[in-house]
Structures are given as C-alpha cells and as structure tokens.
There are 2 protein chains.
Amino acid sequence: MKYGIVAFPSKKLQDLANSYRKRYDPHYSLIPPHLTLKAPFEADENQLNEIVIKLQKISKSNKPFPLHVYKVSSFEPVNNVIYFKAEINEDLQKIYQDLHEFGDQPPYSFVPHITIAQKLSHSEYSDVFNSLRMVGIEHQEEIDRFHLLYQLDNESWTVYETFRLGKE
Amino acid sequence: MKYGIVAFPSKKLQDLANSYRKRYDPHYSLIPPHLTLKAPFEADENQLNEIVIKLQKISKSNKPFPLHVYKVSSFEPVNNVIYFKAEINEDLQKIYQDLHEFGDQPPYSFVPHITIAQKLSHSEYSDVFNSLRMVGIEHQEEIDRFHLLYQLDNESWTVYETFRLGKE
C-alpha cells in the first residue's frame with residue numbers, strides 16, 4: 001500500500017486553497033488541501049503497526065507548530081506546481097526530520113507548502129501564477145496534529161490515523 | 001461547522017465500493033466509502049473540545065466490532081440510495097447508541113450500511129439496483145476505529161481526529 005503523512009490546515013485555509021484548486025489542481029477531489037510532511041511511501045500492511053508506533057513516538061516527542069503562510073510561490077523550473085509557501089521554523093523542521101528517520105531520505109530539501117495548482121499547460125501556468133502571486137496570501141494558525149493516510153486504487157486518500165503533537 | 005462520525009472499512013472494501021460509486025454516486029469525490037455512525041450535525045468550533053472528550057470516552061469504553069457486509073439493499077421507497085448492508089451486532093449497536101447520547105436523537109432506526117449509489121433517476125435506479133443485487137456482496141472484517149470529520153465549503157469532508165476503539 002502507498003502511505004503518506006500530512007497536516008490539514010484549518011477549514012478557513014482549506015476553503016481558500018480549494019477555491020483555487022477547484023479550477024487549477026486535478027488532485028482537487030483526491031485529498032483535502034494539506035501540508036505534506038512525508039512524501040508518499042510504499043509499505044506492507046504488516047509493517048503498519050510498526051509505523052504507527054514510530055509515529056506515536058514522534059508525535060509525543062514533538063509539539064504543535066505555528067503555520068505561517070506568507071506568499072504564493074512555484075517550483076518552476078522543476079515543475080509548475082503553484083503553492084502557498086509556509087515559513088520554515090524549528091518545530092516544523094524537527095517533525096519533518098523525525099518523520100524521515102524511517103523509510104527513504106527526502107529527495108530534496110524541505111519546502112513546506114500547500115499546493116493550489118498543478119499540471120497546468122505552460123501558457124496557463126504563467127497567467128495563473130502571475131495572477132495568484134498578485135493576490136498573495138497571509139495567514140497564521142497553529143497545527144497540533146498530523147495524519148497517516150493510505151491511497152485507494154482510484155488515487156484518492158483515506159485517513160488511517162491521527163497523531164496529536166505533544167500528546168500520547 | 002458541520003461534523004460527522006464515520007468508520008472507513010478496509011482499502012479492499014473501499015476499492016470495491018468505489019468501483020460502483022464512481023458511476024452511481026455523486027458524492028464519490030466528497031468522502032471515501034464509509035459507514036456512518038452519527039449523521040452530520042452542527043456544532044460550534046468552541047464545542048469541539050468537549051465533543052472530542054466525549055468521543056474519547058466512547059471509544060475507550062467500546063471495543064472493535066465485526067463488520068459483516070452481506071447484501072446489496074436499498075432505502076426505497078424512502079429514497080433511492082443503494083448500499084452494502086452490514087449486519088447489526090451488539091458492539092456496533094452500542095457504539096451507535098453511545099454516539100447518540102449527545103446531540104440530536106437519530107430520526108430513524110439504525111441500518112448500518114455503506115452507500116454505493118444515490119440520486120439516480122427513477123429508471124436508472126431500477127436497472128442499477130437489479131444488477132447490483134444480482135452481483136451481491138459478502139465480506140467480513142473488523143473495525144477498530146472511527147473518525148470525526150468536518151465539512152468544507154465545497155461539501156467535501158476532512159478528518160479531524162481518529163478514535164481507536166478500546167484504547168485511550
């Protein structure tokens with residue numbers, strides 16, 4: 001099975017992200033707006049218990065972190081994903097590192113973000129990015145939990161379990 | 001905000017349900033296949049903590065229950081929802097009752113089910129129901145958790161928290 005670990009921001013920020021994703025993100029219906037903490041990874045179902053125990057330890061030994069989303073950015077030229085960029089901070093970096101002590105090492109440095117557009121044509125990309133960058137974003141909240149998800153055959157994601165930061 | 005409480009069955013059963021929902025259920029992209037344990041209810045965000053504490057007590061004082069899905073049925077003539085019917089059992093009934101000790105009382109008796117089709121035209125309904133009833137369903141598993149979800153503006157659902165049955 002394919003698993004992933006994400007944090008869902010508040011309903012307010014999800015609704016705002018969805019107002020863009022609806023038009024510009026073909027993954028719109030597969031998963032709610034999210035901050036990826038560990039990229040999708042393959043694991044056997046019989047490893048699941050072991051993973052859950054690791055995640056319980058990680059959630060307990062970390063604490064809620066501030067999420068400050070402060071600009072619209074893009075991964076171009078690597079790819080044309082457009083996202084709300086979140087400020088990195090020690091607490092968030094620590095959670096990310098802990099989550100990467102098992103499984104594959106991250107293929108690139110951590111850029112915390114919430115995707116709002118992807119897989120656009122080249123011409124559409126430029127228009128959308130310029131327009132969203134002008135609108136901008138400024139939002140703060142606290143994230144106190146993350147979720148372990150698994151992917152269904154139709155590529156949508158189901159939550160398996162929630163882990164509350166700083167709690168048993 | 002609007003909240004709901006559901007159990008997600010195994011990936012295997014979700015994939016099977018989705019193979020029908022994709023064609024016959026307009027809610028297909030709003031939530032993964034699920035067994036509703038408490039119908040959607042309105043609550044203020046400031047009541048959320050209190051609700052979570054209630055759900056922690058309920059999950060702790062109940063235990064995992066067997067899910068036996070044994071036939072394709074329908075709510076006709078009330079409505080034309082087609083579903084995988086699950087056998088009622090004491091453990092499941094107890095969880096349902098406990099979850100209805102707060103908020104509104106259920107407007108009808110509990111028929112545990114996983115929806116696979118709804119909002120079909122009358123003629124389509126008859127064809128689909130007859131064909132799915134012939135195919136049938138026979139599946140057993142154990143459910144060891146339920147989830148509290150909230151609804152976004154686009155009517156999709158995000159998981160807020162998982163509660164493991166029989167655990168703290």
# chains A, B, ... in the order shown; residues from 1 in each chain; ligands from 1
call {"tool": "residues_around", "arguments": {"residues": "region 55-62 of chain B", "least_positions_apart": "4", "cutoff": "12 Å", "atoms": "only C-alpha atoms", "output": "PyMOL selection string"}}
result
chain B and resi 4-5+37-38+48-51+90-102+143-148+161-168
call {"tool": "write_last_selection", "arguments": {"atoms": "N, CA, C and O atoms", "output": "CSV table (one decimal), in the first residue's frame"}}
result
chain,number,residue,atom,x,y,z
B,4,GLY,N,-19.4,15.1,11.3
B,4,GLY,CA,-20.0,13.8,11.1
B,4,GLY,C,-19.0,12.7,11.7
B,4,GLY,O,-17.8,13.0,11.9
B,5,ILE,N,-19.6,11.5,12.0
B,5,ILE,CA,-18.7,10.5,12.5
B,5,ILE,C,-18.9,9.2,11.7
B,5,ILE,O,-20.0,8.8,11.5
B,37,LEU,N,-21.7,6.5,11.5
B,37,LEU,CA,-22.1,6.1,12.8
B,37,LEU,C,-22.9,7.2,13.5
B,37,LEU,O,-23.6,6.9,14.5
B,38,LYS,N,-22.8,8.4,13.0
B,38,LYS,CA,-23.6,9.5,13.5
B,38,LYS,C,-23.8,10.5,12.4
B,38,LYS,O,-22.8,11.0,11.8
B,48,LEU,N,-15.9,22.0,20.2
B,48,LEU,CA,-15.2,20.9,19.6
B,48,LEU,C,-14.4,20.1,20.6
B,48,LEU,O,-14.4,18.8,20.6
B,49,ASN,N,-13.8,20.8,21.6
B,49,ASN,CA,-13.0,20.1,22.6
B,49,ASN,C,-13.9,19.2,23.4
B,49,ASN,O,-13.5,18.1,23.7
B,50,GLU,N,-15.0,19.7,23.8
B,50,GLU,CA,-16.0,19.0,24.6
B,50,GLU,C,-16.4,17.7,23.8
B,50,GLU,O,-16.5,16.6,24.4
B,51,ILE,N,-16.7,17.9,22.5
B,51,ILE,CA,-17.1,16.7,21.7
B,51,ILE,C,-16.0,15.7,21.6
B,51,ILE,O,-16.2,14.5,21.8
B,90,GLU,N,-24.3,-6.4,18.6
B,90,GLU,CA,-24.3,-5.7,19.9
B,90,GLU,C,-23.3,-4.6,20.0
B,90,GLU,O,-23.6,-3.5,20.5
B,91,ASP,N,-22.0,-4.9,19.6
B,91,ASP,CA,-21.0,-4.0,19.7
B,91,ASP,C,-21.2,-2.7,18.9
B,91,ASP,O,-21.0,-1.6,19.3
B,92,LEU,N,-21.7,-2.9,17.7
B,92,LEU,CA,-21.9,-1.8,16.8
B,92,LEU,C,-23.1,-1.0,17.3
B,92,LEU,O,-23.1,0.2,17.3
B,93,GLN,N,-24.2,-1.7,17.7
B,93,GLN,CA,-25.4,-1.0,18.2
B,93,GLN,C,-25.0,-0.2,19.4
B,93,GLN,O,-25.5,1.0,19.6
B,94,LYS,N,-24.1,-0.7,20.3
B,94,LYS,CA,-23.7,0.0,21.5
B,94,LYS,C,-23.0,1.3,21.1
B,94,LYS,O,-23.2,2.4,21.7
B,95,ILE,N,-22.1,1.2,20.2
B,95,ILE,CA,-21.3,2.4,19.7
B,95,ILE,C,-22.3,3.5,19.2
B,95,ILE,O,-22.2,4.7,19.5
B,96,TYR,N,-23.2,3.0,18.3
B,96,TYR,CA,-24.2,3.9,17.8
B,96,TYR,C,-25.0,4.6,18.8
B,96,TYR,O,-25.2,5.8,18.8
B,97,GLN,N,-25.5,3.8,19.8
B,97,GLN,CA,-26.3,4.4,20.9
B,97,GLN,C,-25.4,5.4,21.7
B,97,GLN,O,-25.9,6.5,22.0
B,98,ASP,N,-24.2,5.1,22.0
B,98,ASP,CA,-23.4,6.0,22.8
B,98,ASP,C,-23.1,7.3,22.0
B,98,ASP,O,-23.1,8.4,22.6
B,99,LEU,N,-23.0,7.2,20.7
B,99,LEU,CA,-22.7,8.4,19.9
B,99,LEU,C,-24.0,9.3,19.8
B,99,LEU,O,-23.9,10.4,19.4
B,100,HIS,N,-25.1,8.7,20.1
B,100,HIS,CA,-26.4,9.5,20.1
B,100,HIS,C,-26.9,9.9,21.4
B,100,HIS,O,-28.0,10.4,21.6
B,101,GLU,N,-26.0,9.8,22.4
B,101,GLU,CA,-26.4,10.3,23.8
B,101,GLU,C,-26.1,11.8,23.8
B,101,GLU,O,-26.5,12.5,24.7
B,102,PHE,N,-25.4,12.3,22.8
B,102,PHE,CA,-25.2,13.8,22.7
B,102,PHE,C,-25.8,14.2,21.4
B,102,PHE,O,-25.8,13.4,20.4
B,143,ILE,N,-13.6,-3.7,12.5
B,143,ILE,CA,-13.4,-2.2,12.5
B,143,ILE,C,-12.9,-1.9,13.9
B,143,ILE,O,-13.6,-2.2,14.9
B,144,ASP,N,-11.8,-1.2,14.0
B,144,ASP,CA,-11.2,-0.9,15.3
B,144,ASP,C,-11.0,0.6,15.6
B,144,ASP,O,-10.3,1.0,16.5
B,145,ARG,N,-11.7,1.4,14.7
B,145,ARG,CA,-11.6,2.9,15.0
B,145,ARG,C,-12.7,3.6,14.3
B,145,ARG,O,-13.4,3.1,13.4
B,146,PHE,N,-13.0,4.8,14.7
B,146,PHE,CA,-13.9,5.7,14.0
B,146,PHE,C,-13.3,7.1,13.9
B,146,PHE,O,-12.2,7.4,14.5
B,147,HIS,N,-13.8,7.9,13.0
B,147,HIS,CA,-13.2,9.3,12.8
B,147,HIS,C,-14.3,10.4,12.9
B,147,HIS,O,-15.4,10.2,12.5
B,148,LEU,N,-13.8,11.5,13.5
B,148,LEU,CA,-14.6,12.7,13.5
B,148,LEU,C,-14.2,13.5,12.3
B,148,LEU,O,-13.0,13.8,12.1
B,161,GLU,N,-10.1,14.0,13.6
B,161,GLU,CA,-9.4,13.1,14.6
B,161,GLU,C,-9.9,11.6,14.5
B,161,GLU,O,-11.1,11.4,14.1
B,162,THR,N,-9.0,10.7,14.8
B,162,THR,CA,-9.3,9.3,14.8
B,162,THR,C,-9.5,8.8,16.3
B,162,THR,O,-8.7,9.3,17.1
B,163,PHE,N,-10.4,7.9,16.5
B,163,PHE,CA,-10.6,7.4,17.8
B,163,PHE,C,-10.5,5.9,17.7
B,163,PHE,O,-11.3,5.3,17.0
B,164,ARG,N,-9.6,5.3,18.5
B,164,ARG,CA,-9.4,3.8,18.4
B,164,ARG,C,-10.3,3.1,19.5
B,164,ARG,O,-10.2,3.5,20.6
B,165,LEU,N,-11.1,2.2,19.0
B,165,LEU,CA,-12.0,1.5,19.9
B,165,LEU,C,-11.2,0.7,21.0
B,165,LEU,O,-10.3,-0.1,20.6
B,166,GLY,N,-11.6,0.8,22.2
B,166,GLY,CA,-11.0,0.1,23.3
B,166,GLY,C,-9.6,0.6,23.7
B,166,GLY,O,-8.9,0.0,24.5
B,167,LYS,N,-9.2,1.8,23.2
B,167,LYS,CA,-7.9,2.4,23.5
B,167,LYS,C,-8.2,3.7,24.1
B,167,LYS,O,-9.2,4.4,23.9
B,168,GLU,N,-7.2,4.2,24.9
B,168,GLU,CA,-7.1,5.6,25.4
B,168,GLU,C,-7.2,6.6,24.3
B,168,GLU,O,-6.5,6.5,23.3
call {"tool": "interface_residues", "arguments": {"of": "chain B", "to": "chain A", "cutoff": "9 Å", "atoms": "only C-alpha atoms", "output": "PyMOL selection string"}}
result
chain B and resi 8+11-12+14-15+18-19+29-32+145+147+150-154+156-164+168
call {"tool": "select_by_dssp", "arguments": {"residues": "region 35-125 of chain B", "states": "strand (DSSP E)", "output": "ChimeraX atom specification"}}
result
/B:35-42,65-74,82-86,113-117
call {"tool": "residues_around", "arguments": {"residues": "Ser73 (chain B)", "least_positions_apart": "4", "cutoff": "10 Å", "atoms": "only C-alpha atoms", "output": "list of chain:residue names"}}
result
B:Val81, B:Ile82, B:Tyr83, B:Phe84, B:Lys85, B:Ala86, B:His113, B:Thr115, B:Ile116, B:Phe129, B:Asn130, B:Leu132, B:Arg133, B:Gly136
call {"tool": "atom_distance", "arguments": {"atom1": "CA of Arg23 (chain B)", "atom2": "CA of Asn80 (chain B)"}}
result
14.9 Å
call {"tool": "atom_distance", "arguments": {"atom1": "CA of Glu141 (chain B)", "atom2": "CA of Asn89 (chain B)"}}
result
13.3 Å
call {"tool": "select_by_dssp", "arguments": {"residues": "chain B", "states": "alpha helix (DSSP H)", "output": "count of residues only"}}
result
52
call {"tool": "atom_distance", "arguments": {"atom1": "CA of Ser123 (chain A)", "atom2": "CA of Glu138 (chain A)"}}
result
26.6 Å
call {"tool": "residues_around", "arguments": {"residues": "Gln47 (chain A)", "least_positions_apart": "4", "cutoff": "12 Å", "atoms": "only C-alpha atoms", "output": "PyMOL selection string"}}
result
chain A and resi 1-3+42-43+51-54+102-103
call {"tool": "closest_residue", "arguments": {"among": "B:Glu76, B:Glu155, B:Glu45, B:Asp127", "to": "His27 (chain B)", "atoms": "only C-alpha atoms"}}
result
B:Glu155
